[in-house]
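Trainee: You'll find model_35.cif just under this line, and it carries mmCIF, C-alpha atoms.
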data_upload
loop_
_atom_site.label_atom_id
_atom_site.label_comp_id
_atom_site.auth_asym_id
_atom_site.auth_seq_id
_atom_site.Cartn_x
_atom_site.Cartn_y
_atom_site.Cartn_z
CA MET A 27 -34.12 -14.57 20.73
CA ALA A 28 -34.14 -13.83 17.04
CA PRO A 29 -32.34 -16.36 14.86
CA ALA A 30 -28.91 -15.42 13.55
CA PRO A 31 -28.90 -13.91 10.07
CA PRO A 32 -28.14 -16.33 7.27
CA PRO A 33 -24.52 -16.49 6.13
CA ALA A 34 -25.39 -14.95 2.76
CA ALA A 35 -28.34 -12.58 2.78
CA SER A 36 -30.47 -12.03 -0.28
CA PHE A 37 -32.20 -8.80 -1.18
CA SER A 38 -35.09 -8.18 -3.51
CA THR A 39 -34.86 -5.42 -6.09
CA ALA A 40 -37.47 -3.49 -4.11
CA GLU A 41 -35.30 -3.65 -0.97
CA VAL A 42 -32.25 -2.44 -2.86
CA GLN A 43 -34.29 0.35 -4.43
CA ARG A 44 -35.48 1.51 -1.00
CA ARG A 45 -31.90 1.66 0.28
CA LEU A 46 -30.81 3.66 -2.76
CA ALA A 47 -33.68 6.08 -2.26
CA ALA A 48 -32.62 6.49 1.38
CA GLY A 49 -29.17 7.63 0.27
CA ALA A 50 -27.21 4.37 0.43
CA CYS A 51 -24.53 3.70 -2.17
CA TRP A 52 -24.97 0.08 -3.26
CA VAL A 53 -23.47 -1.39 -6.41
CA ARG A 54 -23.46 -4.92 -7.72
CA CYS A 55 -21.15 -7.25 -9.61
CA GLY A 56 -23.33 -9.88 -11.19
CA ALA A 57 -25.65 -11.01 -8.43
CA ARG A 58 -23.35 -9.91 -5.57
CA LEU A 59 -24.25 -6.67 -3.78
CA TYR A 60 -21.78 -4.28 -2.16
CA ASP A 61 -22.52 -1.43 0.27
CA LEU A 62 -20.07 1.43 -0.36
CA THR A 63 -21.96 3.96 1.75
CA GLY A 64 -19.38 4.06 4.54
CA PHE A 65 -16.52 4.35 2.06
CA VAL A 66 -17.90 7.32 0.15
CA ARG A 67 -18.64 9.21 3.36
CA HIS A 68 -14.92 9.24 4.17
CA HIS A 69 -13.73 9.94 0.62
CA PRO A 70 -15.26 13.20 -0.62
CA GLY A 71 -13.10 13.20 -3.74
CA GLY A 72 -14.73 10.03 -5.03
CA GLU A 73 -18.14 10.31 -3.43
CA GLN A 74 -19.95 11.90 -6.35
CA LEU A 75 -18.41 9.46 -8.80
CA LEU A 76 -19.40 6.40 -6.75
CA ARG A 77 -22.88 7.70 -6.09
CA ALA A 78 -23.31 8.22 -9.81
CA ARG A 79 -22.78 4.46 -10.14
CA ALA A 80 -25.14 3.53 -7.27
CA GLY A 81 -27.49 0.72 -8.23
CA GLN A 82 -25.49 -0.26 -11.30
CA ASP A 83 -23.56 -3.37 -12.29
CA VAL A 84 -19.84 -2.53 -12.13
CA SER A 85 -18.60 -5.80 -13.65
CA ALA A 86 -17.59 -4.11 -16.89
CA ASP A 87 -15.64 -1.46 -14.97
CA LEU A 88 -13.66 -4.14 -13.14
CA ASP A 89 -12.98 -6.30 -16.19
CA GLY A 90 -12.30 -3.70 -18.85
CA PRO A 91 -10.17 -0.58 -19.16
CA PRO A 92 -8.96 1.35 -17.31
CA HIS A 93 -9.15 -1.27 -14.55
CA ARG A 94 -6.80 -3.77 -16.14
CA HIS A 95 -5.94 -5.19 -12.71
CA SER A 96 -9.44 -6.47 -12.04
CA ALA A 97 -8.34 -8.93 -9.37
CA ASN A 98 -7.13 -6.06 -7.19
CA ALA A 99 -10.29 -4.02 -7.66
CA ARG A 100 -12.47 -7.05 -6.96
CA LEU A 101 -10.54 -7.82 -3.79
CA TRP A 102 -11.01 -4.26 -2.60
CA LEU A 103 -14.73 -4.53 -3.36
CA GLU A 104 -15.17 -7.83 -1.48
CA GLN A 105 -14.73 -6.18 1.92
CA TYR A 106 -18.05 -4.38 1.30
CA TYR A 107 -20.06 -7.48 0.29
CA VAL A 108 -23.50 -7.62 1.96
CA GLY A 109 -25.43 -10.29 0.07
CA ASP A 110 -26.94 -11.39 -3.23
CA LEU A 111 -29.64 -9.95 -5.43
CA GLN A 112 -32.73 -12.13 -5.74
CA GLY A 113 -33.92 -13.24 -9.16
CA ASP A 114 -32.18 -12.60 -12.47
CA PRO A 115 -29.70 -9.72 -12.06
CA GLN A 116 -29.55 -8.98 -15.75
CA GLY A 117 -33.29 -8.98 -16.07
CA SER A 118 -33.65 -6.77 -13.06
CA MET A 119 -31.29 -4.24 -14.50
CA GLU A 120 -32.94 -4.27 -17.89
CA ASN A 121 -36.36 -3.76 -16.34
CA GLY A 122 -35.07 -0.84 -14.33
CA ALA A 123 -35.98 -2.18 -10.88
CA VAL A 124 -32.53 -1.64 -9.43
CA ASP A 125 -31.47 0.90 -11.97
CA SER A 126 -33.47 3.63 -10.31
CA ALA A 127 -30.18 5.44 -9.80
CA ASN A 128 -29.89 5.72 -13.57
CA THR A 129 -33.27 7.45 -13.69
CA GLN A 130 -32.11 9.83 -10.98
CA LYS A 131 -28.91 10.50 -12.88
CA THR A 132 -30.82 11.82 -15.90
CA ASP A 133 -33.02 13.99 -13.70
CA PRO A 134 -31.88 17.61 -14.29
CA ALA A 135 -32.47 18.42 -10.64
CA MET A 136 -29.88 15.80 -9.69
CA GLU A 137 -27.16 16.81 -12.13
CA PRO A 138 -25.40 19.38 -9.91
CA LYS A 139 -25.11 16.79 -7.11
CA LEU A 140 -23.56 14.22 -9.42
CA LYS A 141 -20.93 16.46 -10.92
CA VAL A 142 -17.55 14.79 -10.50
CA VAL A 143 -14.80 16.88 -8.96
CA ASP A 144 -11.72 16.36 -11.15
CA TRP A 145 -8.96 16.75 -8.60
CA ASP A 146 -6.22 16.02 -11.13
CA LYS A 147 -6.96 18.63 -13.80
CA ASP A 148 -7.98 21.24 -11.25
CA LEU A 149 -4.82 21.03 -9.13
CA VAL A 150 -1.94 19.78 -11.30
CA ASP A 151 -0.94 19.77 -14.94
CA TRP A 152 -0.45 16.13 -15.92
CA ARG A 153 1.52 17.17 -19.00
CA LYS A 154 4.38 18.35 -16.78
CA PRO A 155 6.45 16.62 -14.07
CA LEU A 156 4.50 16.55 -10.82
CA LEU A 157 7.30 16.93 -8.28
CA TRP A 158 7.70 20.65 -8.92
CA GLN A 159 3.95 21.23 -8.75
CA VAL A 160 2.89 19.44 -5.56
CA GLY A 161 4.69 21.88 -3.26
CA HIS A 162 2.26 24.59 -4.36
CA LEU A 163 -0.78 22.57 -3.29
CA GLY A 164 -0.28 23.64 0.32
CA GLU A 165 -3.18 22.64 2.56
CA LYS A 166 -4.82 20.82 -0.36
CA TYR A 167 -1.91 18.41 -0.75
CA ASN A 168 -2.84 15.86 1.93
CA GLU A 169 -6.33 15.36 0.53
CA TRP A 170 -5.17 15.41 -3.10
CA VAL A 171 -2.41 12.83 -2.63
CA HIS A 172 -4.88 10.32 -1.19
CA GLN A 173 -7.21 10.53 -4.19
CA PRO A 174 -5.66 7.72 -6.29
CA VAL A 175 -5.48 7.69 -10.07
CA THR A 176 -5.05 4.74 -12.45
CA ARG A 177 -2.27 6.21 -14.56
CA PRO A 178 1.54 6.40 -14.48
CA ILE A 179 3.09 9.65 -13.33
CA ARG A 180 6.24 11.57 -14.19
CA LEU A 181 8.26 13.15 -11.40
CA PHE A 182 11.33 14.81 -13.00
CA HIS A 183 12.14 16.94 -16.02
CA SER A 184 15.40 15.07 -16.66
CA ASP A 185 14.94 11.82 -18.58
CA LEU A 186 17.96 10.33 -16.81
CA ILE A 187 16.76 11.13 -13.29
CA GLU A 188 13.25 10.02 -14.22
CA ALA A 189 14.64 6.69 -15.43
CA LEU A 190 16.61 6.26 -12.19
CA SER A 191 13.42 6.82 -10.18
CA LYS A 192 11.76 3.76 -11.78
CA THR A 193 12.55 0.08 -11.93
CA VAL A 194 11.07 -3.31 -12.72
CA TRP A 195 10.19 -5.56 -9.80
CA TYR A 196 12.73 -8.27 -10.61
CA SER A 197 15.65 -5.84 -10.31
CA VAL A 198 15.37 -6.19 -6.53
CA PRO A 199 16.17 -9.93 -6.27
CA ILE A 200 18.64 -9.77 -9.17
CA ILE A 201 20.72 -7.06 -7.49
CA TRP A 202 20.36 -7.71 -3.77
CA VAL A 203 20.04 -11.49 -3.39
CA PRO A 204 23.58 -12.14 -4.75
CA LEU A 205 24.95 -9.50 -2.37
CA MET A 206 23.06 -11.07 0.54
CA LEU A 207 24.43 -14.53 -0.33
CA TYR A 208 28.00 -13.25 -0.66
CA LEU A 209 27.87 -11.39 2.67
CA SER A 210 26.36 -14.43 4.38
CA TRP A 211 29.12 -16.68 3.07
CA PHE A 212 31.88 -14.17 3.87
CA TYR A 213 30.78 -13.44 7.44
CA TYR A 214 30.05 -17.08 8.19
CA ARG A 215 33.66 -17.88 7.27
CA THR A 216 34.83 -14.99 9.45
CA LEU A 217 32.87 -16.33 12.42
CA ALA A 218 34.24 -19.81 11.76
CA GLN A 219 37.77 -18.54 12.37
CA GLY A 220 36.85 -18.33 16.07
CA ASN A 221 38.40 -14.95 16.87
CA VAL A 222 35.25 -12.79 16.86
CA ARG A 223 34.18 -11.50 20.28
CA LEU A 224 31.32 -9.25 21.33
CA PHE A 225 31.63 -6.30 23.75
CA THR A 226 35.38 -5.92 23.33
CA THR A 227 34.85 -2.18 22.94
CA PHE A 228 33.71 -1.98 26.56
CA THR A 229 35.58 -4.84 28.23
CA THR A 230 37.99 -7.58 27.31
CA GLU A 231 37.52 -9.58 30.49
CA TYR A 232 33.81 -10.19 29.96
CA SER A 233 33.65 -10.20 26.16
CA VAL A 234 31.62 -12.98 24.56
CA ALA A 235 32.98 -15.34 21.93
CA MET A 236 30.93 -15.55 18.73
CA PRO A 237 31.42 -18.95 17.04
CA GLU A 238 29.92 -19.87 13.67
CA SER A 239 26.99 -21.56 15.45
CA VAL A 240 25.52 -18.11 16.22
CA PHE A 241 25.26 -17.29 12.51
CA PRO A 242 21.62 -18.52 12.04
CA GLY A 243 20.49 -16.60 15.12
CA LEU A 244 22.18 -13.37 14.03
CA PHE A 245 20.82 -13.75 10.51
CA LEU A 246 17.26 -14.29 11.78
CA LEU A 247 17.70 -11.34 14.15
CA GLY A 248 18.47 -9.13 11.15
CA LEU A 249 15.43 -10.50 9.33
CA PHE A 250 13.23 -9.75 12.35
CA LEU A 251 14.71 -6.27 12.87
CA TRP A 252 13.91 -5.41 9.27
CA THR A 253 10.18 -5.90 9.92
CA LEU A 254 10.41 -3.27 12.67
CA ILE A 255 12.44 -0.90 10.46
CA GLU A 256 9.92 -1.40 7.66
CA TYR A 257 7.08 -0.45 10.02
CA LEU A 258 8.84 2.59 11.52
CA ILE A 259 9.92 4.00 8.15
CA HIS A 260 6.46 3.52 6.68
CA ARG A 261 4.67 5.06 9.65
CA PHE A 262 6.89 7.96 10.68
CA LEU A 263 8.75 8.87 7.49
CA PHE A 264 6.55 7.84 4.58
CA HIS A 265 3.36 8.94 6.32
CA MET A 266 4.55 12.12 7.92
CA LYS A 267 2.15 14.96 7.27
CA PRO A 268 4.23 17.78 5.77
CA PRO A 269 3.34 21.31 6.90
CA SER A 270 1.06 22.98 4.39
CA ASP A 271 3.37 26.00 4.17
CA SER A 272 6.53 23.97 3.46
CA TYR A 273 7.06 23.63 -0.29
CA TYR A 274 10.14 21.42 0.07
CA LEU A 275 8.77 19.06 2.73
CA ILE A 276 5.71 18.45 0.57
CA MET A 277 8.02 17.67 -2.35
CA LEU A 278 10.09 15.36 -0.14
CA HIS A 279 7.02 13.49 1.05
CA PHE A 280 5.70 13.13 -2.48
CA VAL A 281 8.93 11.75 -3.92
CA MET A 282 9.37 9.33 -1.00
CA HIS A 283 5.87 7.92 -0.75
CA GLY A 284 3.12 10.33 -1.76
CA GLN A 285 3.50 9.46 -5.44
CA HIS A 286 2.84 5.80 -4.55
CA HIS A 287 -0.46 6.66 -2.88
CA LYS A 288 -1.41 8.91 -5.77
CA ALA A 289 -0.69 6.23 -8.38
CA PRO A 290 -0.81 2.90 -6.50
CA PHE A 291 -0.90 0.81 -9.69
CA ASP A 292 2.09 2.40 -11.40
CA GLU A 293 4.15 -0.80 -11.49
CA SER A 294 7.37 1.05 -12.34
CA ARG A 295 7.36 2.66 -8.87
CA LEU A 296 6.22 -0.21 -6.64
CA VAL A 297 9.69 -1.33 -5.51
CA PHE A 298 12.67 0.81 -4.55
CA PRO A 299 14.89 1.73 -7.51
CA PRO A 300 18.50 0.50 -7.15
CA VAL A 301 20.18 3.91 -6.86
CA PRO A 302 18.17 5.37 -3.93
CA ALA A 303 17.96 1.90 -2.37
CA SER A 304 21.76 1.68 -2.47
CA LEU A 305 22.07 4.84 -0.39
CA VAL A 306 19.71 3.56 2.30
CA ILE A 307 21.26 0.09 2.34
CA ALA A 308 24.76 1.56 2.61
CA PHE A 309 23.64 3.69 5.57
CA PHE A 310 22.38 0.67 7.50
CA TYR A 311 25.52 -1.32 6.67
CA VAL A 312 27.86 1.42 7.94
CA PHE A 313 25.71 1.93 11.05
CA LEU A 314 25.83 -1.77 12.00
CA ARG A 315 29.58 -1.93 11.31
CA LEU A 316 30.10 1.01 13.69
CA ILE A 317 28.16 -0.41 16.63
CA LEU A 318 28.97 -4.13 16.28
CA PRO A 319 31.98 -6.27 15.43
CA GLU A 320 32.35 -6.61 11.68
CA ALA A 321 31.21 -10.22 11.38
CA VAL A 322 28.32 -9.74 13.81
CA GLY A 323 27.07 -6.54 12.21
CA GLY A 324 27.58 -7.96 8.73
CA THR A 325 25.56 -11.09 9.52
CA VAL A 326 22.71 -9.06 11.01
CA PHE A 327 22.87 -6.83 7.95
CA ALA A 328 22.65 -9.83 5.58
CA GLY A 329 19.49 -11.02 7.35
CA GLY A 330 18.02 -7.53 7.17
CA LEU A 331 18.86 -7.34 3.47
CA LEU A 332 16.91 -10.55 2.85
CA GLY A 333 14.05 -9.02 4.85
CA TYR A 334 14.11 -5.99 2.57
CA VAL A 335 13.97 -8.16 -0.56
CA ILE A 336 11.03 -10.14 0.86
CA TYR A 337 9.29 -6.88 1.79
CA ASP A 338 9.61 -5.39 -1.70
CA MET A 339 8.48 -8.62 -3.38
CA ILE A 340 5.47 -8.93 -1.06
CA HIS A 341 4.59 -5.27 -1.63
CA TYR A 342 4.61 -5.76 -5.38
CA TYR A 343 2.51 -8.92 -5.07
CA LEU A 344 -0.02 -7.20 -2.81
CA HIS A 345 -0.69 -4.74 -5.63
CA PHE A 346 -0.63 -7.08 -8.61
CA GLY A 347 -1.04 -10.62 -7.30
CA SER A 348 -4.22 -12.59 -6.71
CA PRO A 349 -3.70 -14.67 -3.54
CA HIS A 350 -6.15 -17.41 -2.62
CA ARG A 351 -8.93 -16.43 -0.24
CA GLY A 352 -8.07 -17.37 3.33
CA SER A 353 -4.29 -17.43 2.74
CA TYR A 354 -1.78 -15.32 4.66
CA LEU A 355 -1.06 -13.23 1.58
CA TYR A 356 -4.79 -12.69 1.03
CA SER A 357 -5.01 -11.28 4.57
CA LEU A 358 -2.02 -9.03 3.91
CA LYS A 359 -3.48 -7.85 0.60
CA ALA A 360 -6.83 -6.96 2.16
CA HIS A 361 -4.92 -5.14 4.91
CA HIS A 362 -2.84 -3.15 2.41
CA VAL A 363 -5.80 -2.35 0.15
CA LYS A 364 -7.61 -0.85 3.13
CA HIS A 365 -4.49 1.15 3.97
CA HIS A 366 -4.44 2.67 0.49
CA PHE A 367 -8.14 3.35 0.03
CA ALA A 368 -9.65 3.89 3.46
CA HIS A 369 -7.17 3.91 6.39
CA GLN A 370 -4.04 5.77 5.36
CA GLN A 371 -3.05 6.50 8.98
CA SER A 372 -3.04 2.87 10.11
CA GLY A 373 -2.04 -0.52 8.75
CA PHE A 374 1.63 0.33 8.21
CA GLY A 375 2.97 -3.24 8.13
CA ILE A 376 3.59 -4.69 4.67
CA SER A 377 5.26 -8.07 5.11
CA THR A 378 3.70 -8.66 8.52
CA LYS A 379 1.02 -7.13 10.75
CA ILE A 380 2.88 -7.95 13.99
CA TRP A 381 3.98 -4.37 14.65
CA ASP A 382 0.52 -2.99 13.87
CA HIS A 383 -0.72 -5.28 16.64
CA PHE A 384 2.08 -4.20 18.97
CA PHE A 385 1.72 -0.45 18.40
CA HIS A 386 -2.10 -0.51 18.14
CA THR A 387 -2.26 0.71 14.54
CA LEU A 388 -4.07 -2.33 13.18
CA ILE A 389 -6.87 -1.46 10.79
CA PRO A 390 -10.18 -2.17 12.54
CA GLU A 391 -12.33 -4.91 11.13
CA GLU A 392 -15.35 -3.42 9.43
CA SER A 393 -18.68 -5.06 10.13
CA HIS A 394 -21.15 -5.17 7.28
CA PRO A 395 -24.42 -6.53 8.62
CA LYS A 396 -26.24 -8.71 6.15
CA MET A 397 -29.64 -7.53 7.31
CA GLN A 398 -30.72 -4.27 8.91
#
Before anything else, please render the file you have as structure tokens.
Mentor:
Amino acid sequence: MAPAPPPAASFSTAEVQRRLAAGACWVRCGARLYDLTGFVRHHPGGEQLLRARAGQDVSADLDGPPHRHSANARLWLEQYYVGDLQGDPQGSMENGAVDSANTQKTDPAMEPKLKVVDWDKDLVDWRKPLLWQVGHLGEKYNEWVHQPVTRPIRLFHSDLIEALSKTVWYSVPIIWVPLMLYLSWFYYRTLAQGNVRLFTTFTTEYSVAMPESVFPGLFLLGLFLWTLIEYLIHRFLFHMKPPSDSYYLIMLHFVMHGQHHKAPFDESRLVFPPVPASLVIAFFYVFLRLILPEAVGGTVFAGGLLGYVIYDMIHYYLHFGSPHRGSYLYSLKAHHVKHHFAHQQSGFGISTKIWDHFFHTLIPEESHPKMQ
């Protein structure tokens, strides 16, 4: 039996050059090598651009503009790590051993193949609000919206409505945590009065008393139910595929979630703005008040509201934070990065992957053999 491959493979410049000549898309960051071949095959909008960088050191691209969030780009890149380059990486590049792709790039015969398709300028006018343009994309919309850009976007003509569609991340805890604390205190006191009973709508003989001791359980139930709501909304509402002939459904999808996939690093649109969030939160509050006794529904709602705050804070951190390798948040970040850049129809959990496990939408682990 052949021995197991070493934990970190090393490749000579000649080996890397052979893989590039065979059509592989390998890049490096310092001495670390990354195989992006599988990625570019599933992303035609970025394939030519990435192949134009094959064989090159992308460190400057990750550290300098426009990639000011280098930690996020590096984390995305790490999932494609295959090994290290032997010898002196800088010397190898200067001598042209691995930079054979650069030679190919200047070859006139290769220029048509390396022409970058500019999806943005070809399909929308960035000088105007996008919301009124995306409906005209029709069958091109689904592919266009999943070709991310590193720039902020404008949705509305009105400055007021545009301002209401954005917010800073800390508005979420500032607005909703005090409300959650007040509701928790209010409904705990209501339960402590000892006159709250469950199922009185259907029967008085078999109704169940709800003392204050049930408060932690009801609160945690609301927190748990939020994780399911988060998953269902993300999967079935945010990732619905609007019909190509429906101008208004395409607009609706873009304003709800499509704009986030198009500009995933626009930090002004990473958490829900207070005004639209208020409408959704009010809906859930009224719904729970209708189906449950006031104190019971209110306590469950308070737990769900905390779940929402945690969800939005985690979502923001997954885009802009740099969690330690091996931590829970690192696992969530890698999961969410793959959802944005490679697996848009799976990996719908944000604050937890439990429902992706349950509903079989977990992003498959990609194997990147060190040696072939």
Trainee: Skipping near chain neighbours, those fewer than 4 positions away, what residues fall within 7 Å of region 240-250 of chain A using all atoms listed in the file, listed as a PyMOL selection string?
Mentor: chain A and resi 214+236+325-330+332-333
Trainee: Quick one: apply the PyMOL selection byres ((chain A and resi 355) around 12) to the file and drop the selected residues here as a list in words.
Mentor: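 Applying the PyMOL selection byres ((chain A and resi 355) around 12) to the structure shown produces Met339, Ile340, His341, Tyr342, Tyr343, Leu344, His345, Phe346, Gly347, Ser348, Pro349, His350, Arg351, Gly352, Ser353, Tyr354, Tyr356, Ser357, Leu358, Lys359, Ala360, His361, His362, Val363, Ile376, Ser377, Thr378 and Lys379 of chain A.
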Trainee: Pick out the closest residue to His366 (chain A) from this set: A:Ala308, A:Ala189, A:Val171, A:Ile380. Count all atoms listed in the file.
Mentor: A:Val171
Trainee: Record the distance separating CA of Arg180 (chain A) and CA of Gly161 (chain A), expressed in Å with one decimal.
Mentor: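 That distance, rounded to one decimal, is 15.1 Å.
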Trainee: Given all atoms listed in the file, how would the per-residue table for region 170-240 of chain A near region 289-292 of chain A read, listing every residue at most 10 Å away with its closest atom pair and distance in Å to one decimal, sorted by chain and number, as JSON lines?
Mentor:
{"residue": "A:Val171", "atom": "CA", "partner": "A:Ala289", "partner_atom": "CA", "distance": 8.9}
{"residue": "A:His172", "atom": "CA", "partner": "A:Ala289", "partner_atom": "CA", "distance": 9.3}
{"residue": "A:Gln173", "atom": "CA", "partner": "A:Ala289", "partner_atom": "CA", "distance": 8.9}
{"residue": "A:Pro174", "atom": "CA", "partner": "A:Ala289", "partner_atom": "CA", "distance": 5.6}
{"residue": "A:Val175", "atom": "CA", "partner": "A:Ala289", "partner_atom": "CA", "distance": 5.3}
{"residue": "A:Thr176", "atom": "CA", "partner": "A:Ala289", "partner_atom": "CA", "distance": 6.1}
{"residue": "A:Arg177", "atom": "CA", "partner": "A:Ala289", "partner_atom": "CA", "distance": 6.4}
{"residue": "A:Pro178", "atom": "CA", "partner": "A:Asp292", "partner_atom": "CA", "distance": 5.1}
{"residue": "A:Ile179", "atom": "CA", "partner": "A:Ala289", "partner_atom": "CA", "distance": 7.1}
{"residue": "A:Lys192", "atom": "CA", "partner": "A:Asp292", "partner_atom": "CA", "distance": 9.8}
Trainee: Taking the file as shown, what set of residues would the PyMOL selection byres ((chain A and resi 259-273) around 12) give back, as a PyMOL selection string?
Mentor: chain A and resi 157-169+171-172+252-258+274-287+306+337+365-366+369-377+381-382+385+387-388
Trainee: In Å, with one decimal, what is the gap from CA of Arg295 (chain A) to CA of Ser191 (chain A)?
Mentor: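 CA of Arg295 (chain A) sits 7.5 Å away from CA of Ser191 (chain A).
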Trainee: Could you tell me how far CA of Leu296 (chain A) lies from CA of Trp195 (chain A), in Å and to one decimal?
Mentor: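 Separation of CA of Leu296 (chain A) and CA of Trp195 (chain A): 7.4 Å.
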Trainee: Find the residue from A:Phe384, A:Trp52, A:Phe37, A:Tyr334 that sits nearest to Met206 (chain A); use all atoms listed in the file when measuring.
Mentor: A:Tyr334
Trainee: Neighbours of Gln219 (chain A) within 12 Å (all atoms listed in the file; same-chain residues fewer than 2 positions away dropped), as a ChimeraX atom specification?
Mentor: /A:212-217,221-223,235-239,321
Trainee: Would you please work out which residue, of A:Gly109, A:Pro155, A:Pro299, A:Gly220, is nearest to Val194 (chain A) when using all atoms listed in the file?
Mentor: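 Smallest separation from Val194 (chain A) among the options: A:Pro299.
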Trainee: With N, CA and C atoms as the target, complete region 379-390 of chain A and hand it back as a CSV table (one decimal), keeping the file's coordinate frame.
Mentor:
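To be explicit, this is the file written out as out.csv:
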chain,number,residue,atom,x,y,z
A,379,LYS,N,1.9,-8.1,10.0
A,379,LYS,CA,1.0,-7.1,10.8
A,379,LYS,C,1.4,-7.1,12.2
A,380,ILE,N,2.5,-7.8,12.6
A,380,ILE,CA,2.9,-8.0,14.0
A,380,ILE,C,3.1,-6.6,14.7
A,381,TRP,N,3.7,-5.7,14.0
A,381,TRP,CA,4.0,-4.4,14.6
A,381,TRP,C,2.7,-3.5,14.7
A,382,ASP,N,1.8,-3.7,13.8
A,382,ASP,CA,0.5,-3.0,13.9
A,382,ASP,C,-0.2,-3.5,15.1
A,383,HIS,N,-0.1,-4.8,15.4
A,383,HIS,CA,-0.7,-5.3,16.6
A,383,HIS,C,0.0,-4.7,17.8
A,384,PHE,N,1.3,-4.7,17.8
A,384,PHE,CA,2.1,-4.2,19.0
A,384,PHE,C,1.9,-2.7,19.3
A,385,PHE,N,1.8,-1.9,18.2
A,385,PHE,CA,1.7,-0.4,18.4
A,385,PHE,C,0.3,0.1,18.2
A,386,HIS,N,-0.7,-0.9,18.2
A,386,HIS,CA,-2.1,-0.5,18.1
A,386,HIS,C,-2.5,0.4,16.9
A,387,THR,N,-1.9,0.0,15.8
A,387,THR,CA,-2.3,0.7,14.5
A,387,THR,C,-2.9,-0.2,13.5
A,388,LEU,N,-3.4,-1.4,14.1
A,388,LEU,CA,-4.1,-2.3,13.2
A,388,LEU,C,-5.4,-1.7,12.6
A,389,ILE,N,-5.6,-2.0,11.4
A,389,ILE,CA,-6.9,-1.5,10.8
A,389,ILE,C,-8.1,-2.2,11.4
A,390,PRO,N,-9.0,-1.5,11.9
A,390,PRO,CA,-10.2,-2.2,12.5
A,390,PRO,C,-11.0,-3.0,11.5
